[in-house]
Every structure is written in C-alpha cells, then in structure tokens.
Amino acid sequence: MTGKAPQPGIVAVIGTGVIGRSWARVFARAGLSVRMWDADPAHLEAAWAWFKADLKRSRKQHGLRKSIVRSERENVTRCASLAEALAGATYVQESGPERLDLKQALYRDLDALAAPKAILASSTSALDMTLIAEGLEGAERCVVAHPVNPPHIVPAVEVLGGERTHPRVVRRTMRFLERVGQAPVLLRRYVPGFLLNRMQAALVREAINLVVEGVASVEAVDAVVRDGLGLRWALMGPFGVANTNADGGVREYFERYGHSFQSLWADLKTDTVITPELLDRLGQAVDIMYRRVPPEVQRGWRDDMVERFRRLKATYPLGAPADGEE
C-alpha cells in the first residue's frame with residue numbers, strides 16, 4: 001500500500017450522492033478537514049451546490065452563525081482525483097453505488113492509495129464487508145458504517161466489521177463517530193439489511209400489502225405511523241414502548257399480549273410484487289397526499305423538523321423534571 005501518513009483531522013468522502021454529501025456536513029461541522037471526490041465530476045459539483053444551499057437552510061431555519069457557515073464551507077475541499085482525496089486521511093467514508101462488484105473495485109483502489117492506518121468505512125446499506133474486502137491486503141481496516149439518510153440530520157450509524165476486520169478498527173470507528181456527533185450502533189454479526197433496513201422493510205412490506213389488499217388507503221397507512229406509532233418510536237424503540245405500555249413493564253406486556261403477536265405474525269404473509277402499475281398507484285396517492293409539494297421542499301421541512309425535535313429531546317431527556325417541577 002502507498003499513500004501519505006495520515007494527518008489528524010483529515011477525512012475523505014468518496015462518492016458524493018445523497019449520502020456522501022450529507023456525510024461531508026457531518027465531518028465539516030465537527031471541525032475536520034473534508035476532502036470530497038466522486039468518479040463523476042458533475043456529481044461532485046452538484047454535491048457542492050447542495051452543501052452550500054443546506055448551510056443557508058441551517059442559517060435561515062436555525063440561526064447558524066455566519067462564522068460557522070464560513071468555517072464549515074472552508075473545511076471542505078473538492079478533489080480532482082481519488083489519490084488527492086485520500087492523501088493523509090485518517091478516516092475514509094465510502095458512499096459509492098450499492099453494487100458488490102463496484103464496491104470491490106473501489107475498495108481495491110482505496111486500499112492501494114490510502115495511508116495504511118486509515119480506516120476504510122462503507123456506507124453500504126446491505127452488503128457484507130467480508131465480501132467487499134475479499135482478497136484485500138488491508139481487509140482488517142475495512143468496516144461498515146451505515147448511516148440513516150441523511151446522516152447530518154439523523155445520527156444513528158450501524159457499525160460492523162467483516163470476518164477479517166480487526167476488532168480495534170471497529171472500536172476506533174465507534175469512538176470516531178461519537179466524536180463527530182453521530183450515534184453509532186454496534187452489530188454483533190452480519191445479516192442482510194442490517195438492523196434498520198430489515199425493520200423498515202418489514203413495515204414497508206406490510207404497508208404496501210395493506211393498500212394492495214384494499215384494507216386502507218395510502219393516506220390512512222401513513223397516518224397510523226405518522227400520528228401514532230412514529231410519535232412513540234421517535235422517543236423509544238419497540239422494547240422501550242412495550243415497557244411503558246403495561247404497569248408491570250415489558251414482561252407483563254408480552255405476557256399479556258404475546259399470543260396476539262404470535263397470531264399476527266402467523267398472518268403477516270404477502271406475495272405482493274412491486275410492479276410499474278403499483279408504483280404509479282402509490283405515486284398518485286402520495287402526490288395527492290402532499291398536494292404535489294416538490295420532494296426537495298418536503299425534504300427541507302423534514303430535516304428542519306427532525307433537527308427541532310432532536311433539540312427538544314436533548315433539552316428534556318428521560319428522567320429530567322418537567323417545567324415547573326422541582
């Protein structure tokens with residue numbers, strides 16, 4: 001392997017699509033020097049335009065100071081080559097296309113060009129690092145760091161190594177992500193889709209099936225999540241919610257309702273296939289639901305509300321006295 005010795009505070013963001021550009025904000029606001037590169041120069045320029053626009057959104061919506069906006073912007077450098085982006089980096093966040101062959105080819109280049117002690121982390125949402133790093137000399141420094149889209153707004157990051165990943169690299173990745181303001185979650189072993197996407201897939205599968213089977217409309221399905229399940233799940237996970245849904249906690253809850261869950265699990269079967277006709281049906285329903293508000297406006301509103309909600313949760317953590325209490 002070649003590459004300059006890693007320098008403190010230098011991070012390379014490789015691949016600047018929706019996920020990569022968001023990672024750049026995570027690292028830039030943490031005060032790190034960020035080197036962005038994409039195989040397609042047009043993607044890189046689009047990411048830079050988004051980066052500046054999102055800083056303006058943060059200033060307008062949340063009062064981000066001009067000095068901070070300027071500092072974040074100055075922390076980011078667009079690089080013309082992969083080697084330039086990797087030079088001296090201590091941490092590399094790869095967010096390339098979600099195809100195993102392309103990941104493997106890119107990781108061969110990363111392993112050859114990055115400094116030997118640099119961590120090579122992938123944003124992959126489903127692939128096994130064992131396969132991505134197959135045959136690499138530096139497989140022990142390769143790790144999955146799968147974020148929630150967009151990572152500069154939603155802090156959870158799923159972290160797991162491949163079969164040859166050194167445990168120290170996993171620990172270093174966890175500590176690094178915590179330092180830059182994320183909330184890393186350790187997975188003990190690989191499973192397709194990791195935690196978040198497997199649970200999301202289960203809910204989305206049932207959501208689509210309920211619409212296809214004529215049980216409820218798209219709006220109704222969204223409503224029970226948006227105005228019901230989601231409000232509780234934004235504060236506690238499924239086990240935490242169960243613990244608060246019975247006076248005796250999680251044990252009493254599942255003792256009381258376990259048979260109901262077993263019955264529902266047995267009934268949760270679907271052969272629904274996503275077809276062009278189904279996509280058009282869902283798309284039309286969503287267009288009506290959001291009155292054809294452009295997706296970029298929806299994303300901006302979502303990001304703004306999530307940031308506000310996160311600040312609210314941080315202000316009133318579990319166990320803290322409410323206003324007026326002593």
# chains A, B, ... in the order shown; residues from 1 in each chain; ligands from 1
$ closest_atom_pairs --of "range 59-96 of chain A" --to "range 298-320 of chain A" --cutoff "12 Å" --atoms "only C-alpha atoms" --output "tab-separated table"
residue	atom	partner	partner_atom	distance
A:Arg59	CA	A:Asp304	CA	11.2
A:Lys60	CA	A:Asp304	CA	10.3
A:Gln61	CA	A:Asp304	CA	7.0
A:His62	CA	A:Asp304	CA	8.2
A:Gly63	CA	A:Asp304	CA	11.9
$ write_last_selection --atoms "C-alpha atoms" --output "PDB file, in the first residue's frame"
ATOM      1  CA  ARG A  59     -28.678  29.584   8.887  1.00  0.00           C
ATOM      2  CA  LYS A  60     -32.213  30.594   7.936  1.00  0.00           C
ATOM      3  CA  GLN A  61     -34.081  27.924   9.908  1.00  0.00           C
ATOM      4  CA  HIS A  62     -31.835  27.547  12.936  1.00  0.00           C
ATOM      5  CA  GLY A  63     -29.827  30.738  13.161  1.00  0.00           C
TER       6      GLY A  63
END
$ residues_around --residues "Trp37 in chain A" --least-positions-apart "5" --cutoff "7 Å" --atoms "only C-alpha atoms" --output "PyMOL selection string"
chain A and resi 13-16+44+78-82+85
$ write_last_selection --atoms "C-alpha atoms" --output "PDB file, in the first residue's frame"
ATOM      1  CA  VAL A  13     -15.634  11.417   1.500  1.00  0.00           C
ATOM      2  CA  ILE A  14     -15.645   9.129  -1.529  1.00  0.00           C
ATOM      3  CA  GLY A  15     -18.860   9.264  -3.546  1.00  0.00           C
ATOM      4  CA  THR A  16     -20.933  12.433  -3.244  1.00  0.00           C
ATOM      5  CA  LEU A  44     -19.174  16.430  -7.173  1.00  0.00           C
ATOM      6  CA  ARG A  78     -13.285  19.226  -3.798  1.00  0.00           C
ATOM      7  CA  CYS A  79     -10.617  16.930  -5.194  1.00  0.00           C
ATOM      8  CA  ALA A  80      -9.880  16.129  -8.821  1.00  0.00           C
ATOM      9  CA  SER A  81      -8.516  12.649  -8.137  1.00  0.00           C
ATOM     10  CA  LEU A  82      -9.041   9.819  -5.692  1.00  0.00           C
ATOM     11  CA  ALA A  85      -8.765  12.992  -1.652  1.00  0.00           C
TER      12      ALA A  85
END
$ select_by_dssp --residues "range 30-193 of chain A" --states "strand (DSSP E)" --output "PyMOL selection string"
chain A and resi 33-37+76-78+91-94+119-122+142-147+156-161+183-186
$ write_last_selection --atoms "N, CA and C atoms" --output "mmCIF file, in the first residue's frame"
data_model
loop_
_atom_site.group_PDB
_atom_site.id
_atom_site.type_symbol
_atom_site.label_atom_id
_atom_site.label_comp_id
_atom_site.auth_asym_id
_atom_site.auth_seq_id
_atom_site.Cartn_x
_atom_site.Cartn_y
_atom_site.Cartn_z
ATOM 1 N N SER A 33 -11.081 18.526 8.386
ATOM 2 C CA SER A 33 -10.792 18.883 7.012
ATOM 3 C C SER A 33 -11.347 17.782 6.122
ATOM 4 N N VAL A 34 -12.281 18.133 5.245
ATOM 5 C CA VAL A 34 -13.008 17.148 4.445
ATOM 6 C C VAL A 34 -12.580 17.236 2.984
ATOM 7 N N ARG A 35 -12.171 16.100 2.442
ATOM 8 C CA ARG A 35 -11.799 16.010 1.026
ATOM 9 C C ARG A 35 -12.883 15.218 0.300
ATOM 10 N N MET A 36 -13.598 15.839 -0.617
ATOM 11 C CA MET A 36 -14.665 15.165 -1.361
ATOM 12 C C MET A 36 -14.189 14.783 -2.759
ATOM 13 N N TRP A 37 -14.562 13.562 -3.161
ATOM 14 C CA TRP A 37 -14.247 13.114 -4.527
ATOM 15 C C TRP A 37 -15.366 12.225 -5.036
ATOM 16 N N VAL A 76 -14.194 22.159 3.625
ATOM 17 C CA VAL A 76 -14.427 21.186 2.547
ATOM 18 C C VAL A 76 -13.624 21.547 1.305
ATOM 19 N N THR A 77 -12.954 20.542 0.754
ATOM 20 C CA THR A 77 -12.190 20.707 -0.481
ATOM 21 C C THR A 77 -12.663 19.690 -1.507
ATOM 22 N N ARG A 78 -12.944 20.137 -2.703
ATOM 23 C CA ARG A 78 -13.285 19.226 -3.798
ATOM 24 C C ARG A 78 -12.002 18.778 -4.479
ATOM 25 N N TYR A 91 -9.472 8.791 8.128
ATOM 26 C CA TYR A 91 -10.755 8.092 8.040
ATOM 27 C C TYR A 91 -11.336 8.331 6.653
ATOM 28 N N VAL A 92 -11.840 7.271 6.033
ATOM 29 C CA VAL A 92 -12.425 7.356 4.700
ATOM 30 C C VAL A 92 -13.866 6.862 4.774
ATOM 31 N N GLN A 93 -14.802 7.668 4.306
ATOM 32 C CA GLN A 93 -16.209 7.255 4.263
ATOM 33 C C GLN A 93 -16.600 7.079 2.804
ATOM 34 N N GLU A 94 -16.751 5.819 2.410
ATOM 35 C CA GLU A 94 -17.102 5.486 1.025
ATOM 36 C C GLU A 94 -18.610 5.397 0.900
ATOM 37 N N ILE A 119 -8.780 4.203 8.373
ATOM 38 C CA ILE A 119 -9.962 3.345 8.397
ATOM 39 C C ILE A 119 -10.723 3.533 7.087
ATOM 40 N N LEU A 120 -11.143 2.423 6.489
ATOM 41 C CA LEU A 120 -11.925 2.465 5.257
ATOM 42 C C LEU A 120 -13.344 2.032 5.587
ATOM 43 N N ALA A 121 -14.244 2.994 5.738
ATOM 44 C CA ALA A 121 -15.619 2.713 6.157
ATOM 45 C C ALA A 121 -16.573 2.852 4.977
ATOM 46 N N SER A 122 -17.552 1.957 4.915
ATOM 47 C CA SER A 122 -18.521 1.974 3.826
ATOM 48 C C SER A 122 -19.909 2.331 4.330
ATOM 49 N N CYS A 142 -11.097 -2.444 7.115
ATOM 50 C CA CYS A 142 -12.338 -2.159 6.403
ATOM 51 C C CYS A 142 -13.547 -2.444 7.295
ATOM 52 N N VAL A 143 -14.509 -1.517 7.326
ATOM 53 C CA VAL A 143 -15.629 -1.634 8.248
ATOM 54 C C VAL A 143 -16.867 -0.988 7.629
ATOM 55 N N VAL A 144 -18.033 -1.489 8.002
ATOM 56 C CA VAL A 144 -19.286 -0.864 7.587
ATOM 57 C C VAL A 144 -19.653 0.219 8.592
ATOM 58 N N ALA A 145 -20.038 1.398 8.075
ATOM 59 C CA ALA A 145 -20.601 2.475 8.898
ATOM 60 C C ALA A 145 -21.824 2.972 8.140
ATOM 61 N N HIS A 146 -22.925 2.246 8.302
ATOM 62 C CA HIS A 146 -24.140 2.526 7.539
ATOM 63 C C HIS A 146 -24.996 3.570 8.243
ATOM 64 N N PRO A 147 -25.185 4.731 7.617
ATOM 65 C CA PRO A 147 -25.955 5.802 8.262
ATOM 66 C C PRO A 147 -27.438 5.701 7.939
ATOM 67 N N ALA A 156 -28.066 8.077 13.940
ATOM 68 C CA ALA A 156 -27.754 6.654 14.084
ATOM 69 C C ALA A 156 -26.880 6.146 12.939
ATOM 70 N N VAL A 157 -25.854 5.353 13.277
ATOM 71 C CA VAL A 157 -24.967 4.733 12.282
ATOM 72 C C VAL A 157 -24.730 3.287 12.715
ATOM 73 N N GLU A 158 -25.027 2.343 11.833
ATOM 74 C CA GLU A 158 -24.805 0.925 12.133
ATOM 75 C C GLU A 158 -23.361 0.557 11.806
ATOM 76 N N VAL A 159 -22.667 -0.019 12.762
ATOM 77 C CA VAL A 159 -21.246 -0.326 12.602
ATOM 78 C C VAL A 159 -21.022 -1.821 12.764
ATOM 79 N N LEU A 160 -20.335 -2.422 11.804
ATOM 80 C CA LEU A 160 -19.946 -3.822 11.916
ATOM 81 C C LEU A 160 -18.791 -4.106 10.968
ATOM 82 N N GLY A 161 -17.968 -5.044 11.368
ATOM 83 C CA GLY A 161 -16.831 -5.421 10.547
ATOM 84 C C GLY A 161 -17.131 -6.644 9.701
ATOM 85 N N ALA A 183 -24.481 8.739 16.443
ATOM 86 C CA ALA A 183 -24.871 7.768 17.475
ATOM 87 C C ALA A 183 -24.639 6.359 16.936
ATOM 88 N N PRO A 184 -23.380 5.872 17.006
ATOM 89 C CA PRO A 184 -23.073 4.555 16.443
ATOM 90 C C PRO A 184 -23.746 3.418 17.190
ATOM 91 N N VAL A 185 -24.190 2.413 16.433
ATOM 92 C CA VAL A 185 -24.846 1.226 16.980
ATOM 93 C C VAL A 185 -24.048 0.009 16.516
ATOM 94 N N LEU A 186 -23.574 -0.794 17.447
ATOM 95 C CA LEU A 186 -22.730 -1.941 17.121
ATOM 96 C C LEU A 186 -23.570 -3.163 16.788
#
$ residues_around --residues "range 101-109 of chain A" --least-positions-apart "5" --cutoff "8 Å" --atoms "only C-alpha atoms" --output "PDB file with C-alpha atoms, in the first residue's frame"
ATOM      1  CA  GLY A  96     -20.397   4.680  -3.853  1.00  0.00           C
ATOM      2  CA  LEU A 131     -17.311  -9.804   0.508  1.00  0.00           C
ATOM      3  CA  ILE A 132     -16.455  -6.163  -0.199  1.00  0.00           C
ATOM      4  CA  ALA A 133     -12.946  -6.598   1.261  1.00  0.00           C
ATOM      5  CA  GLU A 134     -12.394 -10.091  -0.152  1.00  0.00           C
ATOM      6  CA  LEU A 136      -7.623  -7.157   0.080  1.00  0.00           C
TER       7      LEU A 136
END
$ residues_around --residues "range 228-241 of chain A" --least-positions-apart "4" --cutoff "9 Å" --atoms "only C-alpha atoms" --output "list in words"
Ala223, Val224, Asn245, Gly249, Val250 and Lys313 of chain A
$ select_by_dssp --residues "range 105-321 of chain A" --states "helix (DSSP H, G or I)" --output "PyMOL selection string"
chain A and resi 105-113+129-132+139-141+167-179+196-212+218-233+238-244+249-267+276-289+295-315
$ write_last_selection --atoms "C-alpha atoms" --output "CSV table (one decimal), in the first residue's frame"
chain,number,residue,atom,x,y,z
A,105,ALA,CA,-13.2,-2.4,-7.4
A,106,LEU,CA,-13.4,0.8,-5.4
A,107,TYR,CA,-12.0,-0.8,-2.3
A,108,ARG,CA,-9.1,-2.2,-4.2
A,109,ASP,CA,-8.2,1.4,-5.1
A,110,LEU,CA,-8.9,2.7,-1.6
A,111,ASP,CA,-6.7,0.0,-0.1
A,112,ALA,CA,-3.9,0.8,-2.5
A,113,LEU,CA,-4.0,4.6,-2.2
A,129,MET,CA,-17.9,-6.2,4.4
A,130,THR,CA,-16.5,-9.7,4.2
A,131,LEU,CA,-17.3,-9.8,0.5
A,132,ILE,CA,-16.5,-6.2,-0.2
A,139,ALA,CA,-9.1,-6.1,4.9
A,140,GLU,CA,-8.5,-5.7,8.6
A,141,ARG,CA,-9.1,-1.9,8.4
A,167,PRO,CA,-11.8,-5.5,16.5
A,168,ARG,CA,-9.7,-2.4,17.2
A,169,VAL,CA,-10.8,-0.9,13.9
A,170,VAL,CA,-14.5,-1.4,14.9
A,171,ARG,CA,-13.8,0.3,18.3
A,172,ARG,CA,-11.9,3.2,16.7
A,173,THR,CA,-14.8,3.7,14.2
A,174,MET,CA,-17.3,3.8,17.1
A,175,ARG,CA,-15.3,6.3,19.0
A,176,PHE,CA,-14.7,8.5,15.9
A,177,LEU,CA,-18.4,8.6,15.0
A,178,GLU,CA,-19.3,9.6,18.6
A,179,ARG,CA,-16.7,12.4,18.4
A,196,LEU,CA,-32.7,-0.5,10.3
A,197,ASN,CA,-33.4,-1.7,6.8
A,198,ARG,CA,-34.7,-5.1,7.9
A,199,MET,CA,-37.1,-3.5,10.3
A,200,GLN,CA,-38.0,-0.8,7.8
A,201,ALA,CA,-38.5,-3.5,5.1
A,202,ALA,CA,-40.9,-5.4,7.4
A,203,LEU,CA,-43.1,-2.3,8.0
A,204,VAL,CA,-43.0,-1.2,4.3
A,205,ARG,CA,-43.9,-4.7,3.1
A,206,GLU,CA,-47.0,-4.7,5.3
A,207,ALA,CA,-47.8,-1.1,4.5
A,208,ILE,CA,-47.9,-1.8,0.7
A,209,ASN,CA,-49.7,-5.1,1.2
A,210,LEU,CA,-52.5,-3.3,3.3
A,211,VAL,CA,-53.0,-0.9,0.4
A,212,VAL,CA,-52.9,-3.7,-2.3
A,218,VAL,CA,-52.1,5.2,1.4
A,219,GLU,CA,-53.0,8.2,3.5
A,220,ALA,CA,-54.5,6.0,6.2
A,221,VAL,CA,-51.4,3.8,6.4
A,222,ASP,CA,-49.1,6.8,6.6
A,223,ALA,CA,-51.4,8.4,9.3
A,224,VAL,CA,-51.2,5.5,11.7
A,225,VAL,CA,-47.4,5.6,11.5
A,226,ARG,CA,-47.1,9.4,11.4
A,227,ASP,CA,-49.6,10.2,14.0
A,228,GLY,CA,-49.4,7.0,16.0
A,229,LEU,CA,-46.5,4.6,16.0
A,230,GLY,CA,-44.0,7.1,14.9
A,231,LEU,CA,-44.6,9.5,17.7
A,232,ARG,CA,-43.8,6.9,20.3
A,233,TRP,CA,-41.0,5.3,18.3
A,238,PRO,CA,-40.2,-1.2,20.3
A,239,PHE,CA,-38.9,-2.7,23.5
A,240,GLY,CA,-39.0,0.7,25.3
A,241,VAL,CA,-42.5,1.3,24.1
A,242,ALA,CA,-43.6,-2.1,25.3
A,243,ASN,CA,-42.0,-1.4,28.7
A,244,THR,CA,-44.3,1.7,29.0
A,249,GLY,CA,-43.2,-3.3,32.2
A,250,VAL,CA,-42.0,-5.3,29.2
A,251,ARG,CA,-42.5,-8.7,30.9
A,252,GLU,CA,-46.2,-8.0,31.7
A,253,TYR,CA,-46.7,-6.5,28.3
A,254,PHE,CA,-45.5,-9.5,26.3
A,255,GLU,CA,-47.0,-12.0,28.8
A,256,ARG,CA,-50.4,-10.3,28.2
A,257,TYR,CA,-50.2,-9.7,24.5
A,258,GLY,CA,-47.7,-12.3,23.4
A,259,HIS,CA,-50.4,-14.6,22.0
A,260,SER,CA,-51.8,-11.7,20.0
A,261,PHE,CA,-48.4,-11.0,18.4
A,262,GLN,CA,-48.0,-14.7,17.6
A,263,SER,CA,-51.3,-14.7,15.9
A,264,LEU,CA,-50.5,-11.6,13.9
A,265,TRP,CA,-47.0,-12.9,12.9
A,266,ALA,CA,-48.7,-16.0,11.5
A,267,ASP,CA,-51.0,-13.8,9.4
A,276,PRO,CA,-44.9,-0.3,-12.6
A,277,GLU,CA,-48.7,-0.2,-12.2
A,278,LEU,CA,-48.4,-0.4,-8.4
A,279,LEU,CA,-45.7,2.3,-8.4
A,280,ASP,CA,-47.9,4.6,-10.4
A,281,ARG,CA,-50.8,3.9,-8.0
A,282,LEU,CA,-48.7,4.7,-4.9
A,283,GLY,CA,-47.2,7.7,-6.6
A,284,GLN,CA,-50.5,9.2,-7.5
A,285,ALA,CA,-51.7,8.7,-3.9
A,286,VAL,CA,-48.6,10.4,-2.5
A,287,ASP,CA,-48.9,13.3,-4.9
A,288,ILE,CA,-52.4,13.9,-3.7
A,289,MET,CA,-51.4,13.5,-0.1
A,295,PRO,CA,-39.7,16.5,-2.9
A,296,GLU,CA,-37.0,19.0,-2.2
A,297,VAL,CA,-39.4,21.1,-0.2
A,298,GLN,CA,-40.6,18.0,1.7
A,299,ARG,CA,-37.0,17.1,2.5
A,300,GLY,CA,-36.3,20.6,3.8
A,301,TRP,CA,-39.3,20.5,6.0
A,302,ARG,CA,-38.5,17.0,7.2
A,303,ASP,CA,-34.9,18.0,8.0
A,304,ASP,CA,-35.9,21.1,9.8
A,305,MET,CA,-38.5,19.3,12.0
A,306,VAL,CA,-36.1,16.4,12.9
A,307,GLU,CA,-33.5,19.0,14.0
A,308,ARG,CA,-36.0,20.8,16.1
A,309,PHE,CA,-37.3,17.5,17.6
A,310,ARG,CA,-33.7,16.3,18.4
A,311,ARG,CA,-33.1,19.6,20.3
A,312,LEU,CA,-36.3,19.1,22.2
A,313,LYS,CA,-35.3,15.6,23.2
A,314,ALA,CA,-31.9,16.8,24.3
A,315,THR,CA,-33.5,19.5,26.4
$ atom_distance --atom1 "CA of Gly9 in chain A" --atom2 "CA of Leu32 in chain A"
4.8 Å
$ atom_distance --atom1 "CA of Arg21 in chain A" --atom2 "CA of Arg57 in chain A"
14.9 Å
$ residues_around --residues "range 72-75 of chain A" --least-positions-apart "4" --cutoff "10 Å" --atoms "only C-alpha atoms" --output "list in words"
Ile10, Ala24, Arg25, Val26, Phe27, Ala28, Arg29, Ala30, Gly31, Leu32, Ser33, Val34, Arg35, Trp48, Phe51, Lys52, Leu55, Lys66, Ser67 and Ile68 of chain A
$ write_last_selection --atoms "N, CA and C atoms" --output "mmCIF file, in the first residue's frame"
data_model
loop_
_atom_site.group_PDB
_atom_site.id
_atom_site.type_symbol
_atom_site.label_atom_id
_atom_site.label_comp_id
_atom_site.auth_asym_id
_atom_site.auth_seq_id
_atom_site.Cartn_x
_atom_site.Cartn_y
_atom_site.Cartn_z
ATOM 1 N N ILE A 10 -8.140 14.884 9.048
ATOM 2 C CA ILE A 10 -8.426 14.831 7.618
ATOM 3 C C ILE A 10 -9.307 13.615 7.331
ATOM 4 N N ALA A 24 -20.376 14.789 4.367
ATOM 5 C CA ALA A 24 -19.451 15.925 4.329
ATOM 6 C C ALA A 24 -19.855 16.985 5.353
ATOM 7 N N ARG A 25 -21.157 17.199 5.516
ATOM 8 C CA ARG A 25 -21.608 18.163 6.520
ATOM 9 C C ARG A 25 -21.332 17.657 7.931
ATOM 10 N N VAL A 26 -21.528 16.360 8.155
ATOM 11 C CA VAL A 26 -21.242 15.783 9.479
ATOM 12 C C VAL A 26 -19.809 16.086 9.880
ATOM 13 N N PHE A 27 -18.888 15.809 8.977
ATOM 14 C CA PHE A 27 -17.463 15.957 9.303
ATOM 15 C C PHE A 27 -17.033 17.420 9.334
ATOM 16 N N ALA A 28 -17.573 18.221 8.422
ATOM 17 C CA ALA A 28 -17.178 19.640 8.366
ATOM 18 C C ALA A 28 -17.622 20.375 9.620
ATOM 19 N N ARG A 29 -18.827 20.121 10.095
ATOM 20 C CA ARG A 29 -19.294 20.828 11.280
ATOM 21 C C ARG A 29 -18.582 20.357 12.543
ATOM 22 N N ALA A 30 -17.935 19.175 12.468
ATOM 23 C CA ALA A 30 -17.139 18.690 13.589
ATOM 24 C C ALA A 30 -15.737 19.293 13.579
ATOM 25 N N GLY A 31 -15.457 20.144 12.599
ATOM 26 C CA GLY A 31 -14.173 20.829 12.536
ATOM 27 C C GLY A 31 -13.092 20.082 11.793
ATOM 28 N N LEU A 32 -13.463 19.043 11.064
ATOM 29 C CA LEU A 32 -12.471 18.262 10.338
ATOM 30 C C LEU A 32 -12.247 18.813 8.937
ATOM 31 N N SER A 33 -11.081 18.526 8.386
ATOM 32 C CA SER A 33 -10.792 18.883 7.012
ATOM 33 C C SER A 33 -11.347 17.782 6.122
ATOM 34 N N VAL A 34 -12.281 18.133 5.245
ATOM 35 C CA VAL A 34 -13.008 17.148 4.445
ATOM 36 C C VAL A 34 -12.580 17.236 2.984
ATOM 37 N N ARG A 35 -12.171 16.100 2.442
ATOM 38 C CA ARG A 35 -11.799 16.010 1.026
ATOM 39 C C ARG A 35 -12.883 15.218 0.300
ATOM 40 N N TRP A 48 -21.509 19.923 -4.047
ATOM 41 C CA TRP A 48 -21.006 21.191 -3.513
ATOM 42 C C TRP A 48 -22.112 22.252 -3.511
ATOM 43 N N PHE A 51 -24.364 21.395 -0.673
ATOM 44 C CA PHE A 51 -23.704 21.697 0.597
ATOM 45 C C PHE A 51 -23.888 23.164 0.969
ATOM 46 N N LYS A 52 -23.644 24.047 0.019
ATOM 47 C CA LYS A 52 -23.785 25.480 0.281
ATOM 48 C C LYS A 52 -25.246 25.851 0.537
ATOM 49 N N LEU A 55 -26.273 24.741 4.046
ATOM 50 C CA LEU A 55 -25.755 25.663 5.054
ATOM 51 C C LEU A 55 -26.655 26.899 5.163
ATOM 52 N N LYS A 66 -22.900 33.229 10.866
ATOM 53 C CA LYS A 66 -22.142 33.377 9.622
ATOM 54 C C LYS A 66 -20.753 32.794 9.748
ATOM 55 N N SER A 67 -20.143 32.966 10.903
ATOM 56 C CA SER A 67 -18.782 32.462 11.095
ATOM 57 C C SER A 67 -18.746 30.935 11.015
ATOM 58 N N ILE A 68 -19.792 30.285 11.522
ATOM 59 C CA ILE A 68 -19.848 28.822 11.464
ATOM 60 C C ILE A 68 -20.097 28.367 10.037
#
